[in-house]
Amino acid sequence: MKNVLSIAGSDPSGGAGIQADLKTMCALGVYGMAAITAVTVQNTRAVYDVREIEASVVAAQIEAVFEDIRVDAVKVGMVSSAGIIRAIRDCLTKQGARNIVIDPVMVSKSGCRILRADATRALRELIAIADITTPNIPEAEILCGFPIENEADARRAAETIAGLGAQSVLIKGGHLPGETAEDILFADGVFTVLRAARINTRHTHGTGCTLSSAVASRLACGDDVQTAVRAAKDYVTQAIGDAYAVGTGIGPVGHMAALYRRAGMDAETPRETARANAEREV
């Protein structure tokens, strides 16, 4: 079995962050590990507070894992301060980490600013060591410095972000209008457009965390970047379709739904729960 380390924040509601990462890794058949960068106070409605873990403690968690366990891939998610970001970069560089996936989390779906304004430069330095980075449109706009309104803009943004040093860039297009969700992958100097039908649901909490963890899991298993991204997008699309309507806000995707079905738990899958809850809401 391959081993994947997630370096990210904790979500007590279980839909994003470390919790989403570990569920995704389990669903995709790899052994998940976690170094926690922050403890958040959040649920499906909002992020109410963020308490950072000291940079030295974040670094110690990472080093403890590498000293004892083979790490086949690393996913970095929520990192809020320059000190933590640089500690992570130094650790991963020192350990010769491979298959590094950087998900540049900056703002939560509820609108809470996650990344401190003075940490953007440090985040760019972290992206420089990434095998792939996976910004959404608002995040990519901050990184590249110009607005993204269409596919041409997304392509230019991907090239600009690759110029920071990342080997590959995936611009997630969910924020752009259209009947399909179109992501732009820039890898090995080649653009690939990945399309999927939009699913009409408000339950999309943790999709970015889930996608980046899925990419890391597939890279750990030996996929090339394009194959890993395609598999990850398929997984996320299915998980959105199986969205779990827990809570009264933006619920999580169904990370484990396929495993539930294989176990013969069809009547209790997140998809069934979501449908039943939706009918009650009507």
# chains A, B, ... in the order shown; residues from 1 in each chain; ligands from 1

$ residues_around --residues "range 187-197 of chain A" --least-positions-apart "3" --cutoff "8 Å" --atoms "only C-alpha atoms" --output "list in words"
Arg155, Gln167, Ser168, Val169, Glu179, Thr180, Ala181, Glu182, Asp183, Ile184, Val225, Gln226, Arg230 and Thr237 of chain A

$ residues_around --residues "range 131-145 of chain A" --least-positions-apart "4" --cutoff "6 Å" --atoms "only C-alpha atoms" --output "list in words"
Asn99, Ile100, Val101, Ile102, Asp103, Pro104, Ala157, Thr160, Ala166, Gln167, Ser168, Val169, Leu170, Ile171 and Lys172 of chain A

$ write_last_selection --atoms "C-alpha atoms" --output "JSON list (two decimals), in the first residue's frame"
[["chain", "number", "residue", "atom", "x", "y", "z"],
["A", 99, "ASN", "CA", 4.71, 13.94, -5.71],
["A", 100, "ILE", "CA", 3.95, 17.21, -3.93],
["A", 101, "VAL", "CA", 0.44, 18.58, -4.51],
["A", 102, "ILE", "CA", -0.20, 22.15, -3.36],
["A", 103, "ASP", "CA", -3.83, 23.23, -2.92],
["A", 104, "PRO", "CA", -3.50, 27.00, -2.28],
["A", 157, "ALA", "CA", -2.98, 32.09, -15.66],
["A", 160, "THR", "CA", 1.98, 32.37, -15.27],
["A", 166, "ALA", "CA", 5.36, 24.39, -10.31],
["A", 167, "GLN", "CA", 5.82, 21.52, -12.74],
["A", 168, "SER", "CA", 2.09, 21.33, -13.50],
["A", 169, "VAL", "CA", -0.90, 23.59, -12.85],
["A", 170, "LEU", "CA", -4.59, 22.71, -12.67],
["A", 171, "ILE", "CA", -6.93, 25.69, -12.82],
["A", 172, "LYS", "CA", -10.28, 24.55, -11.43]]

$ closest_residue --among "A:Ile18, A:Ala158, A:Met33, A:Gly165" --to "Leu123 in chain A" --atoms "only C-alpha atoms"
A:Gly165

$ closest_atom_pairs --of "range 61-146 of chain A" --to "range 20-31 of chain A" --cutoff "10 Å" --atoms "only C-alpha atoms" --output "Markdown table"
| residue | atom | partner | partner_atom | distance |
| --- | --- | --- | --- | --- |
| A:Val71 | CA | A:Tyr31 | CA | 9.7 |
| A:Asp72 | CA | A:Val30 | CA | 9.7 |
| A:Lys75 | CA | A:Asp21 | CA | 8.6 |
| A:Gly77 | CA | A:Asp21 | CA | 9.3 |

$ write_last_selection --atoms "C-alpha atoms" --output "compact mmCIF listing (two decimals), in the first residue's frame"
# COMPACT_ATOMS: atom_id res chain seq x y z
CA VAL A 71 6.00 8.94 2.07
CA ASP A 72 4.92 8.36 -1.53
CA LYS A 75 -0.73 17.07 -0.23
CA GLY A 77 -3.78 22.34 1.97

$ residues_around --residues "Pro12 in chain A" --least-positions-apart "4" --cutoff "10 Å" --atoms "only C-alpha atoms" --output "mmCIF file with N, CA and C atoms, in the first residue's frame"
data_model
loop_
_atom_site.group_PDB
_atom_site.id
_atom_site.type_symbol
_atom_site.label_atom_id
_atom_site.label_comp_id
_atom_site.auth_asym_id
_atom_site.auth_seq_id
_atom_site.Cartn_x
_atom_site.Cartn_y
_atom_site.Cartn_z
ATOM 1 N N ALA A 16 -14.172 18.986 5.109
ATOM 2 C CA ALA A 16 -13.021 19.562 4.409
ATOM 3 C C ALA A 16 -11.758 19.280 5.213
ATOM 4 N N GLY A 17 -10.644 19.878 4.765
ATOM 5 C CA GLY A 17 -9.402 19.773 5.498
ATOM 6 C C GLY A 17 -8.907 18.349 5.675
ATOM 7 N N ILE A 18 -8.225 18.137 6.801
ATOM 8 C CA ILE A 18 -7.639 16.838 7.111
ATOM 9 C C ILE A 18 -8.673 15.723 7.034
ATOM 10 N N GLN A 19 -9.873 15.997 7.538
ATOM 11 C CA GLN A 19 -10.910 14.958 7.565
ATOM 12 C C GLN A 19 -11.294 14.524 6.155
ATOM 13 N N VAL A 39 -6.299 24.487 13.751
ATOM 14 C CA VAL A 39 -7.586 23.981 14.211
ATOM 15 C C VAL A 39 -8.621 25.048 13.882
ATOM 16 N N THR A 40 -9.610 24.691 13.096
ATOM 17 C CA THR A 40 -10.645 25.652 12.730
ATOM 18 C C THR A 40 -11.899 25.428 13.562
ATOM 19 N N VAL A 41 -12.669 26.490 13.727
ATOM 20 C CA VAL A 41 -14.001 26.417 14.341
ATOM 21 C C VAL A 41 -14.977 26.650 13.202
ATOM 22 N N GLN A 42 -15.575 25.585 12.692
ATOM 23 C CA GLN A 42 -16.457 25.717 11.539
ATOM 24 C C GLN A 42 -17.491 24.613 11.500
ATOM 25 N N ASN A 43 -18.513 24.846 10.685
ATOM 26 C CA ASN A 43 -19.513 23.827 10.385
ATOM 27 C C ASN A 43 -19.916 24.012 8.939
ATOM 28 N N THR A 44 -21.071 23.521 8.530
ATOM 29 C CA THR A 44 -21.458 23.642 7.122
ATOM 30 C C THR A 44 -21.899 25.061 6.770
#
